[in-house]
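Below: one structure, written as structure tokens.
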Amino acid sequence: MRDGEEARAAQALLDWYDVHAREMPWRVGPARRSAGERPDPYRVWLSEVMLQQTTVAAVREYFRRFTARWPDVAALAAAADADVMAEWAGLGYYARARNLLKCARAVVADHGGVFPDTAEGLRALPGIGPYTAAAVAAIACDEPAVVVDGNVERVVARLWAVRRPLPAAKPELVRLAGRLTPALRPGDHAQAMMDLGATICTPRNPVCALCPVSEFCDARAEGIAADLPRKAPKAEKPQRLGFAYVAVDAQGGVLLEQRPEKGLLGGMAGFPGSAWDTAPAPAPPFAADWREAPSAVRHTFTHFHLTLRVFVANVGGAGFTPRADFHPAALPTVMRKVWDAAQAVLVPQRSV
């Protein structure tokens with residue numbers, strides 16, 4: 001993109017967004033915005049936290065459930081930690097849910113239940129980083145903050161034909177995105193950039209013929225749009241191993257434990273087990289006739305692949321989490337896989 005074309009490109013993008021904006025449960029679309037409706041900072045913030053490392057399709061139903069149960073930041077701040085973690089189960093990256101509660105409680109305790117209206121003020125809240133602060137400030141508060149997610153990185157890299165690979169190119173892409181961000185309608189601009197990257201300027205096979213800013217795009221002119229942005233090779237993820245233990249008592253109750261607040265799956269309910277390491281030692285919670293499930297559980301986290309050997313025991317007595325209170329769907333995904341694997345060797349309990 002040549003110097004001086006930024007304003008024309010930004011206006012072309014907004015004109016396209018006014019017609020083609022995606023409908024989302026957390027979004028106030030351009031027609032409603034022009035009629036005077038303002039986005040709710042709580043809903044914008046909640047959606048942005050949920051969307052981190054997750055697709056729009058996956059988030060929609062979670063967002064609807066969360067906002068039906070906790071319609072504002074005060075309601076979320078007053079929620080029990082276990083209830084929020086259970087609703088979050090399946091979205092992954094559980095530190096986000098813990099930070100969600102910390103942030104909601106800080107907004108209520110320190111700001112009277114009102115989110116700060118600047119990116120700087122939002123960044124001072126727990127769990128809010130530069131991207132989320134910029135997104136909430138732009139979309140909910142009309143601050144011309146520079147909002148750069150993966151979609152925006154791709155659009156900007158192509159507009160200016162940035163060949164330097166990610167992540168090293170991030171500072172340059174943020175700087176260029178700032179040149180494109182308008183003073184008027186910065187929130188709509190940010191969402192238009194996201195929509196463009198998600199629907200037209202896609203990672204593979206970008207549809208340049210339908211792009212509202214194709215005339216400004218250096219990568220299209222050079223025939224390299226589909227090759228950008230370049231990315232440095234990823235390091236291979238290491239493999240870790242572990243043991244998981246599923247115990248069921250005579251009444252059908254299930255032995256669960258709460259994981260430590262810090263670390264993977266922090267604060268979530270799960271089955272007892274060993275450390276996750278390259279050569280973990282077995283760590284059954286008590287002596288019993290432990291039987292190994294025929295299938296191991298395989299799960300991939302951000303930084304490693306995990307394989308869990310699953311052992312199962314039916315024990316006499318009672319005292320575990322009652323079956324009526326045990327909801328496998330509320331477990332984190334890897335623990336649901338453990339429960340599913342255990343079914344092959346669990347002895348069904350007679351109802352009493």
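How things are named: the first chain in the structure tokens is A, the next is B, and so on; residues count from 1 in each chain; ligands count from 1 in the order shown.
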Exercise. Just the residues within 12 Å of Ala226 in chain A, please, counting only C-alpha atoms, with nothing from its chain fewer than 6 positions along; format it as an NGL selection string.
Key: :A and (154-155 or 157-159 or 161 or 163 or 200-208 or 219-220)
Atoms to include: C-alpha atoms. Write the selected residues as a PDB file, in the first residue's frame.
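The resulting part_37.pdb:
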```pdb
ATOM      1  CA  ARG A 154      -2.708 -11.637   7.757  1.00  0.00           C
ATOM      2  CA  VAL A 155      -4.592  -8.736   6.144  1.00  0.00           C
ATOM      3  CA  ALA A 157       0.966  -8.521   5.916  1.00  0.00           C
ATOM      4  CA  ARG A 158      -0.681  -8.820   2.502  1.00  0.00           C
ATOM      5  CA  LEU A 159      -1.636  -5.160   2.108  1.00  0.00           C
ATOM      6  CA  ALA A 161       3.579  -7.376   1.311  1.00  0.00           C
ATOM      7  CA  ARG A 163       7.851 -10.804   3.877  1.00  0.00           C
ATOM      8  CA  ILE A 200     -12.168 -13.292   2.242  1.00  0.00           C
ATOM      9  CA  CYS A 201      -8.493 -12.761   3.099  1.00  0.00           C
ATOM     10  CA  THR A 202      -8.284 -16.331   4.376  1.00  0.00           C
ATOM     11  CA  PRO A 203      -5.064 -18.255   5.110  1.00  0.00           C
ATOM     12  CA  ARG A 204      -5.411 -20.373   1.976  1.00  0.00           C
ATOM     13  CA  ASN A 205      -6.942 -19.326  -1.314  1.00  0.00           C
ATOM     14  CA  PRO A 206      -7.819 -15.693  -0.505  1.00  0.00           C
ATOM     15  CA  VAL A 207     -10.721 -14.468  -2.634  1.00  0.00           C
ATOM     16  CA  CYS A 208      -9.036 -11.324  -3.919  1.00  0.00           C
ATOM     17  CA  ALA A 219       0.750  -8.825  -2.197  1.00  0.00           C
ATOM     18  CA  ARG A 220      -2.119  -9.204  -4.686  1.00  0.00           C
TER      19      ARG A 220
END
```
Quiz item: So which residues touch range 109-120 of chain A within 10 Å, counting only C-alpha atoms, skipping near sequence neighbours fewer than 4 positions away, as a PyMOL selection string?
Solution: chain A and resi 40-42+45+72-75+77+103-105+124-125+128-138+140-146
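Proximity of A:Arg98, A:Asp195, A:Gly4, A:Ala281 to Met24 in chain A, computed with only C-alpha atoms, is greatest for A:Asp195.
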Excluding range 240-255 of chain A and any residue of its chain fewer than 6 positions from it, enumerate the residues within 8 Å of it, using only C-alpha atoms, and give them as a CSV table (one decimal) with all heavy atoms, in the first residue's frame.
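The result, stored in part04.csv:
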```csv
chain,number,residue,atom,x,y,z
A,271,PHE,N,-9.6,-36.5,37.7
A,271,PHE,CA,-9.3,-37.8,38.4
A,271,PHE,C,-7.9,-37.8,38.9
A,271,PHE,O,-7.0,-37.1,38.4
A,271,PHE,CB,-9.4,-38.9,37.3
A,271,PHE,CG,-10.8,-39.1,36.8
A,271,PHE,CD1,-11.1,-38.6,35.5
A,271,PHE,CD2,-11.9,-39.6,37.6
A,271,PHE,CE1,-12.4,-38.7,35.0
A,271,PHE,CE2,-13.2,-39.7,37.1
A,271,PHE,CZ,-13.4,-39.2,35.8
A,272,PRO,N,-7.6,-38.5,40.0
A,272,PRO,CA,-6.3,-38.5,40.6
A,272,PRO,C,-5.3,-39.1,39.5
A,272,PRO,O,-5.7,-39.9,38.6
A,272,PRO,CB,-6.4,-39.5,41.8
A,272,PRO,CG,-7.9,-39.5,42.1
A,272,PRO,CD,-8.6,-39.3,40.8
A,273,GLY,N,-4.1,-38.8,39.7
A,273,GLY,CA,-3.1,-39.3,38.7
A,273,GLY,C,-1.7,-38.9,39.1
A,273,GLY,O,-1.4,-38.3,40.1
A,274,SER,N,-0.8,-39.3,38.2
A,274,SER,CA,0.6,-39.1,38.4
A,274,SER,C,1.0,-37.7,37.8
A,274,SER,O,0.2,-37.0,37.2
A,274,SER,CB,1.4,-40.1,37.7
A,274,SER,OG,1.3,-40.0,36.3
A,275,ALA,N,2.3,-37.4,38.0
A,275,ALA,CA,2.8,-36.2,37.3
A,275,ALA,C,2.8,-36.5,35.8
A,275,ALA,O,2.8,-37.7,35.4
A,275,ALA,CB,4.2,-35.9,37.7
A,276,TRP,N,2.8,-35.5,34.9
A,276,TRP,CA,2.9,-35.7,33.5
A,276,TRP,C,4.3,-35.4,33.1
A,276,TRP,O,4.7,-34.2,33.1
A,276,TRP,CB,1.9,-34.7,32.8
A,276,TRP,CG,0.4,-35.0,33.1
A,276,TRP,CD1,-0.1,-36.1,33.7
A,276,TRP,CD2,-0.7,-34.2,32.9
A,276,TRP,NE1,-1.4,-36.1,33.9
A,276,TRP,CE2,-1.8,-34.9,33.4
A,276,TRP,CE3,-0.8,-32.9,32.3
A,276,TRP,CZ2,-3.1,-34.3,33.3
A,276,TRP,CZ3,-2.1,-32.4,32.2
A,276,TRP,CH2,-3.2,-33.1,32.7
A,277,ASP,N,5.0,-36.4,32.7
A,277,ASP,CA,6.5,-36.2,32.5
A,277,ASP,C,6.9,-37.2,31.5
A,277,ASP,O,6.1,-38.0,30.9
A,277,ASP,CB,7.2,-36.5,33.9
A,277,ASP,CG,8.5,-35.7,34.0
A,277,ASP,OD1,9.0,-35.4,32.9
A,277,ASP,OD2,9.0,-35.5,35.1
A,278,THR,N,8.2,-37.3,31.2
A,278,THR,CA,8.7,-38.2,30.2
A,278,THR,C,8.8,-39.6,30.8
A,278,THR,O,8.7,-40.6,30.0
A,278,THR,CB,10.1,-37.8,29.8
A,278,THR,OG1,11.0,-37.6,31.0
A,278,THR,CG2,10.1,-36.5,29.0
A,279,ALA,N,8.9,-39.8,32.1
A,279,ALA,CA,9.0,-41.1,32.7
A,279,ALA,C,8.3,-41.1,34.1
A,279,ALA,O,9.0,-41.2,35.1
A,279,ALA,CB,10.4,-41.6,32.9
A,280,PRO,N,7.0,-40.9,34.1
A,280,PRO,CA,6.3,-40.7,35.4
A,280,PRO,C,6.2,-42.0,36.2
A,280,PRO,O,6.2,-43.1,35.6
A,280,PRO,CB,4.9,-40.2,35.0
A,280,PRO,CG,4.7,-40.9,33.6
A,280,PRO,CD,6.1,-40.8,33.0
A,281,ALA,N,6.1,-41.9,37.5
A,281,ALA,CA,5.9,-43.1,38.3
A,281,ALA,C,4.4,-43.3,38.6
A,281,ALA,O,3.7,-42.3,38.7
A,281,ALA,CB,6.6,-42.9,39.7
A,282,PRO,N,4.0,-44.6,38.6
A,282,PRO,CA,2.6,-44.8,38.9
A,282,PRO,C,2.2,-44.2,40.3
A,282,PRO,O,3.1,-44.1,41.2
A,282,PRO,CB,2.5,-46.3,39.0
A,282,PRO,CG,3.6,-46.8,38.2
A,282,PRO,CD,4.7,-45.8,38.3
A,283,ALA,N,1.0,-43.7,40.4
A,283,ALA,CA,0.6,-43.0,41.7
A,283,ALA,C,-0.8,-43.2,42.0
A,283,ALA,O,-1.6,-42.3,42.1
A,283,ALA,CB,0.9,-41.5,41.5
A,284,PRO,N,-1.2,-44.5,42.2
A,284,PRO,CA,-2.6,-44.8,42.6
A,284,PRO,C,-3.0,-44.1,43.9
A,284,PRO,O,-2.1,-44.0,44.8
A,284,PRO,CB,-2.7,-46.3,42.7
A,284,PRO,CG,-1.3,-46.7,42.9
A,284,PRO,CD,-0.4,-45.7,42.2
A,285,PRO,N,-4.2,-43.6,44.1
A,285,PRO,CA,-4.6,-42.8,45.3
A,285,PRO,C,-4.7,-43.7,46.5
A,285,PRO,O,-4.6,-43.3,47.6
A,285,PRO,CB,-5.9,-42.2,44.9
A,285,PRO,CG,-6.5,-43.1,43.8
A,285,PRO,CD,-5.3,-43.6,43.0
A,304,PHE,N,2.7,-29.4,24.4
A,304,PHE,CA,3.1,-30.8,24.4
A,304,PHE,C,1.9,-31.7,24.1
A,304,PHE,O,0.8,-31.4,24.2
A,304,PHE,CB,3.7,-31.2,25.8
A,304,PHE,CG,2.8,-31.1,27.0
A,304,PHE,CD1,2.1,-32.3,27.4
A,304,PHE,CD2,2.6,-30.0,27.7
A,304,PHE,CE1,1.2,-32.2,28.4
A,304,PHE,CE2,1.7,-29.9,28.8
A,304,PHE,CZ,1.0,-31.1,29.1
A,305,HIS,N,2.3,-33.0,23.7
A,305,HIS,CA,1.3,-34.0,23.5
A,305,HIS,C,1.4,-34.9,24.8
A,305,HIS,O,2.4,-35.2,25.3
A,305,HIS,CB,1.7,-34.9,22.3
A,305,HIS,CG,1.8,-34.2,21.0
A,305,HIS,ND1,0.6,-33.6,20.4
A,305,HIS,CD2,2.8,-33.9,20.2
A,305,HIS,CE1,1.0,-33.1,19.3
A,305,HIS,NE2,2.3,-33.2,19.1
A,306,LEU,N,0.2,-35.4,25.2
A,306,LEU,CA,0.1,-36.2,26.4
A,306,LEU,C,-0.6,-37.5,26.1
A,306,LEU,O,-1.5,-37.6,25.4
A,306,LEU,CB,-0.8,-35.4,27.5
A,306,LEU,CG,-1.1,-36.2,28.8
A,306,LEU,CD1,0.2,-36.4,29.6
A,306,LEU,CD2,-2.1,-35.4,29.6
A,307,THR,N,0.0,-38.6,26.7
A,307,THR,CA,-0.6,-39.9,26.6
A,307,THR,C,-0.8,-40.4,28.1
A,307,THR,O,0.2,-40.4,28.9
A,307,THR,CB,0.3,-40.9,25.9
A,307,THR,OG1,0.5,-40.4,24.5
A,307,THR,CG2,-0.3,-42.3,25.9
A,308,LEU,N,-2.0,-40.7,28.4
A,308,LEU,CA,-2.4,-41.2,29.8
A,308,LEU,C,-2.8,-42.6,29.7
A,308,LEU,O,-3.7,-43.0,29.0
A,308,LEU,CB,-3.5,-40.3,30.4
A,308,LEU,CG,-3.2,-38.9,30.7
A,308,LEU,CD1,-4.5,-38.2,31.2
A,308,LEU,CD2,-2.2,-38.8,31.8
A,309,ARG,N,-2.2,-43.5,30.6
A,309,ARG,CA,-2.7,-44.8,30.8
A,309,ARG,C,-3.7,-44.7,31.9
A,309,ARG,O,-3.5,-44.1,32.9
A,309,ARG,CB,-1.5,-45.7,31.2
A,309,ARG,CG,-0.5,-46.0,30.1
A,309,ARG,CD,0.7,-46.7,30.7
A,309,ARG,NE,0.4,-48.0,31.2
A,309,ARG,CZ,1.2,-48.9,31.8
A,309,ARG,NH1,2.5,-48.5,32.0
A,309,ARG,NH2,0.9,-50.0,32.2
A,310,VAL,N,-4.9,-45.3,31.6
A,310,VAL,CA,-6.0,-45.2,32.5
A,310,VAL,C,-6.2,-46.5,33.3
A,310,VAL,O,-6.3,-47.6,32.7
A,310,VAL,CB,-7.3,-44.9,31.7
A,310,VAL,CG1,-8.5,-44.8,32.6
A,310,VAL,CG2,-7.1,-43.5,31.0
A,311,PHE,N,-6.3,-46.4,34.6
A,311,PHE,CA,-6.6,-47.5,35.5
A,311,PHE,C,-7.9,-47.3,36.2
A,311,PHE,O,-8.2,-46.2,36.6
A,311,PHE,CB,-5.4,-47.7,36.5
A,311,PHE,CG,-4.2,-48.2,35.8
A,311,PHE,CD1,-3.3,-47.3,35.2
A,311,PHE,CD2,-3.8,-49.6,35.8
A,311,PHE,CE1,-2.2,-47.8,34.5
A,311,PHE,CE2,-2.7,-50.0,35.2
A,311,PHE,CZ,-1.8,-49.1,34.6
A,312,VAL,N,-8.6,-48.4,36.4
A,312,VAL,CA,-10.0,-48.3,36.9
A,312,VAL,C,-10.1,-49.3,38.1
A,312,VAL,O,-9.5,-50.4,38.1
A,312,VAL,CB,-11.0,-48.7,35.8
A,312,VAL,CG1,-12.4,-48.6,36.4
A,312,VAL,CG2,-10.8,-47.7,34.7
A,313,ALA,N,-10.9,-48.9,39.1
A,313,ALA,CA,-11.2,-49.8,40.3
A,313,ALA,C,-12.6,-49.6,40.8
A,313,ALA,O,-13.0,-48.5,40.9
A,313,ALA,CB,-10.2,-49.6,41.4
A,314,ASN,N,-13.3,-50.7,41.0
A,314,ASN,CA,-14.5,-50.7,41.7
A,314,ASN,C,-14.2,-51.0,43.2
A,314,ASN,O,-13.6,-52.0,43.5
A,314,ASN,CB,-15.5,-51.7,41.2
A,314,ASN,CG,-16.0,-51.3,39.8
A,314,ASN,OD1,-15.3,-51.6,38.8
A,314,ASN,ND2,-17.2,-50.6,39.7
A,315,VAL,N,-14.7,-50.1,44.1
A,315,VAL,CA,-14.3,-50.3,45.5
A,315,VAL,C,-15.6,-50.3,46.4
A,315,VAL,O,-16.7,-49.8,46.0
A,315,VAL,CB,-13.4,-49.1,46.0
A,315,VAL,CG1,-12.1,-49.1,45.2
A,315,VAL,CG2,-14.1,-47.8,45.9
A,316,GLY,N,-15.5,-51.0,47.5
A,316,GLY,CA,-16.6,-51.1,48.4
A,316,GLY,C,-16.8,-49.8,49.2
A,316,GLY,O,-16.0,-48.9,49.1
A,317,GLY,N,-17.9,-49.7,49.9
A,317,GLY,CA,-18.2,-48.5,50.7
A,317,GLY,C,-18.8,-47.4,49.8
A,317,GLY,O,-19.2,-47.6,48.7
A,318,ALA,N,-18.7,-46.2,50.4
A,318,ALA,CA,-19.2,-45.0,49.7
A,318,ALA,C,-18.5,-43.8,50.2
A,318,ALA,O,-17.6,-43.9,51.1
A,318,ALA,CB,-20.7,-44.9,50.0
A,319,GLY,N,-18.8,-42.7,49.7
A,319,GLY,CA,-18.1,-41.4,50.1
A,319,GLY,C,-17.5,-40.6,49.0
A,319,GLY,O,-17.0,-39.5,49.2
A,320,PHE,N,-17.5,-41.1,47.8
A,320,PHE,CA,-17.0,-40.3,46.7
A,320,PHE,C,-18.1,-39.3,46.2
A,320,PHE,O,-19.2,-39.3,46.8
A,320,PHE,CB,-16.7,-41.3,45.5
A,320,PHE,CG,-15.5,-42.2,45.8
A,320,PHE,CD1,-15.3,-43.3,45.0
A,320,PHE,CD2,-14.7,-42.0,46.9
A,320,PHE,CE1,-14.2,-44.2,45.2
A,320,PHE,CE2,-13.6,-42.9,47.2
A,320,PHE,CZ,-13.4,-44.0,46.3
A,321,THR,N,-17.8,-38.6,45.2
A,321,THR,CA,-18.8,-37.7,44.6
A,321,THR,C,-20.0,-38.5,44.1
A,321,THR,O,-19.8,-39.4,43.3
A,321,THR,CB,-18.2,-36.9,43.5
A,321,THR,OG1,-17.1,-36.1,43.9
A,321,THR,CG2,-19.3,-36.0,42.8
A,322,PRO,N,-21.2,-38.3,44.6
A,322,PRO,CA,-22.4,-39.1,44.2
A,322,PRO,C,-22.6,-39.0,42.7
A,322,PRO,O,-22.4,-38.0,42.1
A,322,PRO,CB,-23.6,-38.4,45.0
A,322,PRO,CG,-22.9,-37.7,46.1
A,322,PRO,CD,-21.6,-37.3,45.7
A,323,ARG,N,-23.0,-40.1,42.2
A,323,ARG,CA,-23.2,-40.2,40.7
A,323,ARG,C,-24.2,-39.1,40.3
A,323,ARG,O,-24.0,-38.5,39.2
A,323,ARG,CB,-23.7,-41.6,40.3
A,323,ARG,CG,-23.9,-41.8,38.8
A,323,ARG,CD,-22.6,-41.5,38.0
A,323,ARG,NE,-21.6,-42.5,38.3
A,323,ARG,CZ,-21.4,-43.6,37.6
A,323,ARG,NH1,-22.2,-43.9,36.6
A,323,ARG,NH2,-20.4,-44.4,37.9
A,326,PHE,N,-22.3,-36.0,39.7
A,326,PHE,CA,-21.1,-36.2,38.8
A,326,PHE,C,-21.6,-35.9,37.3
A,326,PHE,O,-22.4,-36.6,36.8
A,326,PHE,CB,-20.5,-37.5,38.9
A,326,PHE,CG,-19.4,-37.8,37.9
A,326,PHE,CD1,-18.3,-37.0,37.7
A,326,PHE,CD2,-19.6,-38.9,37.0
A,326,PHE,CE1,-17.3,-37.3,36.8
A,326,PHE,CE2,-18.6,-39.2,36.1
A,326,PHE,CZ,-17.5,-38.4,36.0
A,338,VAL,N,-10.6,-39.5,29.7
A,338,VAL,CA,-10.2,-40.5,30.7
A,338,VAL,C,-11.5,-41.3,31.1
A,338,VAL,O,-11.5,-42.5,31.2
A,338,VAL,CB,-9.5,-39.9,31.9
A,338,VAL,CG1,-9.4,-40.9,33.1
A,338,VAL,CG2,-8.2,-39.3,31.6
A,339,TRP,N,-12.6,-40.5,31.4
A,339,TRP,CA,-13.8,-41.2,31.8
A,339,TRP,C,-14.3,-42.1,30.7
A,339,TRP,O,-14.8,-43.2,31.0
A,339,TRP,CB,-14.8,-40.1,32.2
A,339,TRP,CG,-16.2,-40.7,32.5
A,339,TRP,CD1,-17.4,-40.5,31.8
A,339,TRP,CD2,-16.5,-41.4,33.7
A,339,TRP,NE1,-18.4,-41.2,32.4
A,339,TRP,CE2,-17.9,-41.7,33.6
A,339,TRP,CE3,-15.8,-41.9,34.8
A,339,TRP,CZ2,-18.6,-42.5,34.6
A,339,TRP,CZ3,-16.5,-42.6,35.8
A,339,TRP,CH2,-17.9,-42.9,35.7
A,342,ALA,N,-12.4,-45.3,30.6
A,342,ALA,CA,-12.6,-46.1,31.8
A,342,ALA,C,-13.9,-47.0,31.6
A,342,ALA,O,-14.0,-48.1,32.2
A,342,ALA,CB,-12.8,-45.3,33.0
A,349,GLN,N,-22.7,-50.5,38.4
A,349,GLN,CA,-23.2,-50.6,39.7
A,349,GLN,C,-24.7,-50.8,39.7
A,349,GLN,O,-25.4,-50.1,38.9
A,349,GLN,CB,-22.9,-49.3,40.5
A,349,GLN,CG,-21.4,-49.0,40.6
A,349,GLN,CD,-20.6,-50.1,41.3
A,349,GLN,OE1,-21.0,-50.5,42.4
A,349,GLN,NE2,-19.6,-50.6,40.7
A,350,ARG,N,-25.2,-51.7,40.5
A,350,ARG,CA,-26.7,-51.8,40.6
A,350,ARG,C,-27.3,-50.6,41.3
A,350,ARG,O,-26.8,-50.1,42.2
A,350,ARG,CB,-27.0,-53.1,41.4
A,350,ARG,CG,-26.6,-54.4,40.6
A,350,ARG,CD,-27.1,-55.6,41.4
A,350,ARG,NE,-26.4,-55.6,42.7
A,350,ARG,CZ,-26.6,-56.5,43.6
A,350,ARG,NH1,-27.6,-57.5,43.4
A,350,ARG,NH2,-26.0,-56.5,44.8
A,351,SER,N,-28.4,-50.2,40.8
A,351,SER,CA,-29.1,-49.1,41.5
A,351,SER,C,-29.7,-49.6,42.8
A,351,SER,O,-30.0,-50.7,43.0
A,351,SER,CB,-30.3,-48.6,40.6
A,351,SER,OG,-31.2,-49.6,40.3
A,352,VAL,N,-29.7,-48.7,43.8
A,352,VAL,CA,-30.2,-49.0,45.1
A,352,VAL,C,-31.4,-48.2,45.5
A,352,VAL,O,-31.7,-47.2,44.8
A,352,VAL,CB,-29.1,-48.8,46.1
A,352,VAL,CG1,-27.9,-49.8,45.9
A,352,VAL,CG2,-28.6,-47.4,46.2
```
Quiz item: Residues at most 12 Å from Thr54 in chain A, counting only C-alpha atoms, excluding those fewer than 2 positions away in the same chain, as number ranges by chain?
Solution: A: 47-52, 56-60, 62, 90-93, 96, 150
Output the selection as a PDB file, in the first residue's frame - N, CA, C and O atoms for each residue.
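Result went into part_28.pdb, see below:
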```
ATOM      1  N   SER A  47     -16.604 -11.911  25.194  1.00  0.00           N
ATOM      2  CA  SER A  47     -16.416 -12.585  23.905  1.00  0.00           C
ATOM      3  C   SER A  47     -14.948 -12.622  23.505  1.00  0.00           C
ATOM      4  O   SER A  47     -14.471 -13.640  22.992  1.00  0.00           O
ATOM      5  N   GLU A  48     -14.224 -11.535  23.743  1.00  0.00           N
ATOM      6  CA  GLU A  48     -12.813 -11.507  23.357  1.00  0.00           C
ATOM      7  C   GLU A  48     -11.996 -12.514  24.167  1.00  0.00           C
ATOM      8  O   GLU A  48     -11.088 -13.162  23.637  1.00  0.00           O
ATOM      9  N   VAL A  49     -12.294 -12.656  25.441  1.00  0.00           N
ATOM     10  CA  VAL A  49     -11.588 -13.650  26.256  1.00  0.00           C
ATOM     11  C   VAL A  49     -11.914 -15.056  25.761  1.00  0.00           C
ATOM     12  O   VAL A  49     -11.028 -15.908  25.623  1.00  0.00           O
ATOM     13  N   MET A  50     -13.178 -15.307  25.470  1.00  0.00           N
ATOM     14  CA  MET A  50     -13.564 -16.636  24.984  1.00  0.00           C
ATOM     15  C   MET A  50     -12.935 -16.951  23.630  1.00  0.00           C
ATOM     16  O   MET A  50     -12.599 -18.103  23.342  1.00  0.00           O
ATOM     17  N   LEU A  51     -12.780 -15.944  22.779  1.00  0.00           N
ATOM     18  CA  LEU A  51     -12.301 -16.173  21.423  1.00  0.00           C
ATOM     19  C   LEU A  51     -10.799 -16.397  21.331  1.00  0.00           C
ATOM     20  O   LEU A  51     -10.305 -16.777  20.270  1.00  0.00           O
ATOM     21  N   GLN A  52     -10.079 -16.162  22.413  1.00  0.00           N
ATOM     22  CA  GLN A  52      -8.639 -16.392  22.386  1.00  0.00           C
ATOM     23  C   GLN A  52      -8.357 -17.877  22.183  1.00  0.00           C
ATOM     24  O   GLN A  52      -8.812 -18.708  22.954  1.00  0.00           O
ATOM     25  N   VAL A  56     -14.876 -18.868  16.371  1.00  0.00           N
ATOM     26  CA  VAL A  56     -16.171 -18.220  16.576  1.00  0.00           C
ATOM     27  C   VAL A  56     -17.267 -19.263  16.711  1.00  0.00           C
ATOM     28  O   VAL A  56     -18.143 -19.154  17.583  1.00  0.00           O
ATOM     29  N   ALA A  57     -17.243 -20.283  15.875  1.00  0.00           N
ATOM     30  CA  ALA A  57     -18.290 -21.311  15.913  1.00  0.00           C
ATOM     31  C   ALA A  57     -18.338 -22.003  17.272  1.00  0.00           C
ATOM     32  O   ALA A  57     -19.423 -22.294  17.793  1.00  0.00           O
ATOM     33  N   ALA A  58     -17.163 -22.262  17.849  1.00  0.00           N
ATOM     34  CA  ALA A  58     -17.127 -22.939  19.146  1.00  0.00           C
ATOM     35  C   ALA A  58     -17.610 -22.045  20.275  1.00  0.00           C
ATOM     36  O   ALA A  58     -18.172 -22.531  21.266  1.00  0.00           O
ATOM     37  N   VAL A  59     -17.432 -20.746  20.127  1.00  0.00           N
ATOM     38  CA  VAL A  59     -17.716 -19.820  21.228  1.00  0.00           C
ATOM     39  C   VAL A  59     -19.188 -19.436  21.315  1.00  0.00           C
ATOM     40  O   VAL A  59     -19.693 -19.137  22.408  1.00  0.00           O
ATOM     41  N   ARG A  60     -19.891 -19.447  20.214  1.00  0.00           N
ATOM     42  CA  ARG A  60     -21.256 -18.920  20.198  1.00  0.00           C
ATOM     43  C   ARG A  60     -22.122 -19.470  21.332  1.00  0.00           C
ATOM     44  O   ARG A  60     -22.766 -18.724  22.075  1.00  0.00           O
ATOM     45  N   TYR A  62     -21.266 -21.167  24.071  1.00  0.00           N
ATOM     46  CA  TYR A  62     -20.729 -20.847  25.397  1.00  0.00           C
ATOM     47  C   TYR A  62     -21.120 -19.429  25.793  1.00  0.00           C
ATOM     48  O   TYR A  62     -21.517 -19.168  26.930  1.00  0.00           O
ATOM     49  N   GLY A  90     -14.426 -27.416  28.234  1.00  0.00           N
ATOM     50  CA  GLY A  90     -14.484 -27.660  26.806  1.00  0.00           C
ATOM     51  C   GLY A  90     -13.906 -26.527  25.978  1.00  0.00           C
ATOM     52  O   GLY A  90     -13.514 -26.743  24.834  1.00  0.00           O
ATOM     53  N   LEU A  91     -13.833 -25.325  26.559  1.00  0.00           N
ATOM     54  CA  LEU A  91     -13.233 -24.197  25.838  1.00  0.00           C
ATOM     55  C   LEU A  91     -11.708 -24.226  25.915  1.00  0.00           C
ATOM     56  O   LEU A  91     -11.033 -23.583  25.121  1.00  0.00           O
ATOM     57  N   GLY A  92     -11.169 -24.941  26.902  1.00  0.00           N
ATOM     58  CA  GLY A  92      -9.719 -25.043  27.030  1.00  0.00           C
ATOM     59  C   GLY A  92      -9.073 -23.802  27.602  1.00  0.00           C
ATOM     60  O   GLY A  92      -9.728 -22.811  27.891  1.00  0.00           O
ATOM     61  N   TYR A  93      -7.746 -23.874  27.796  1.00  0.00           N
ATOM     62  CA  TYR A  93      -6.977 -22.745  28.331  1.00  0.00           C
ATOM     63  C   TYR A  93      -7.664 -22.202  29.598  1.00  0.00           C
ATOM     64  O   TYR A  93      -8.113 -21.062  29.645  1.00  0.00           O
ATOM     65  N   ARG A  96      -7.781 -18.789  31.471  1.00  0.00           N
ATOM     66  CA  ARG A  96      -8.652 -17.705  31.039  1.00  0.00           C
ATOM     67  C   ARG A  96      -9.880 -17.596  31.933  1.00  0.00           C
ATOM     68  O   ARG A  96     -10.336 -16.490  32.242  1.00  0.00           O
ATOM     69  N   GLY A 150      -4.860 -12.575  14.766  1.00  0.00           N
ATOM     70  CA  GLY A 150      -4.293 -13.331  13.667  1.00  0.00           C
ATOM     71  C   GLY A 150      -4.868 -12.934  12.313  1.00  0.00           C
ATOM     72  O   GLY A 150      -4.149 -12.875  11.309  1.00  0.00           O
TER      73      GLY A 150
END
```
Practice problem: Compile the contact shell of Gln11 in chain A as a ChimeraX atom specification: residues with an atom at most 10 Å away, counting only C-alpha atoms, same-chain residues fewer than 3 positions apart removed. | Solution: /A:6-8,14-17,180,182,189,212-213
Quiz prompt | Among listed residues A:Arg27, A:Lys102, A:Arg259, A:Arg336, nearest Val297 in chain A (using only C-alpha atoms) | solution = A:Arg336
Quiz item: What gap, in Å, lies between CA of Ala225 in chain A and CA of His20 in chain A?
Solution: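 Interatomic distance here is 21.9 Å.
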Quiz item: What separation in Å, quoted to one decimal, exists between CA of Gln239 in chain A and CA of Thr302 in chain A?
Solution: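 Taking CA of Gln239 in chain A and CA of Thr302 in chain A, their separation equals 11.8 Å.
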Quiz item: range 45-224 of chain A: which residues are alpha helix (DSSP H) by DSSP, as a VMD selection string?
Solution: chain A and resid 45 to 51 56 to 69 73 to 77 81 to 88 95 to 111 119 to 123 130 to 141 150 to 159 170 to 180 186 to 199 218 to 222
Practice problem: Can you list, as JSON, numbers by chain, all residues belonging to range 87-290 of chain A that DSSP tags as strand (DSSP E)? | Solution: {"A": [239, 240, 241, 242, 243, 244, 245, 246, 247, 248, 257, 258, 269, 270]}
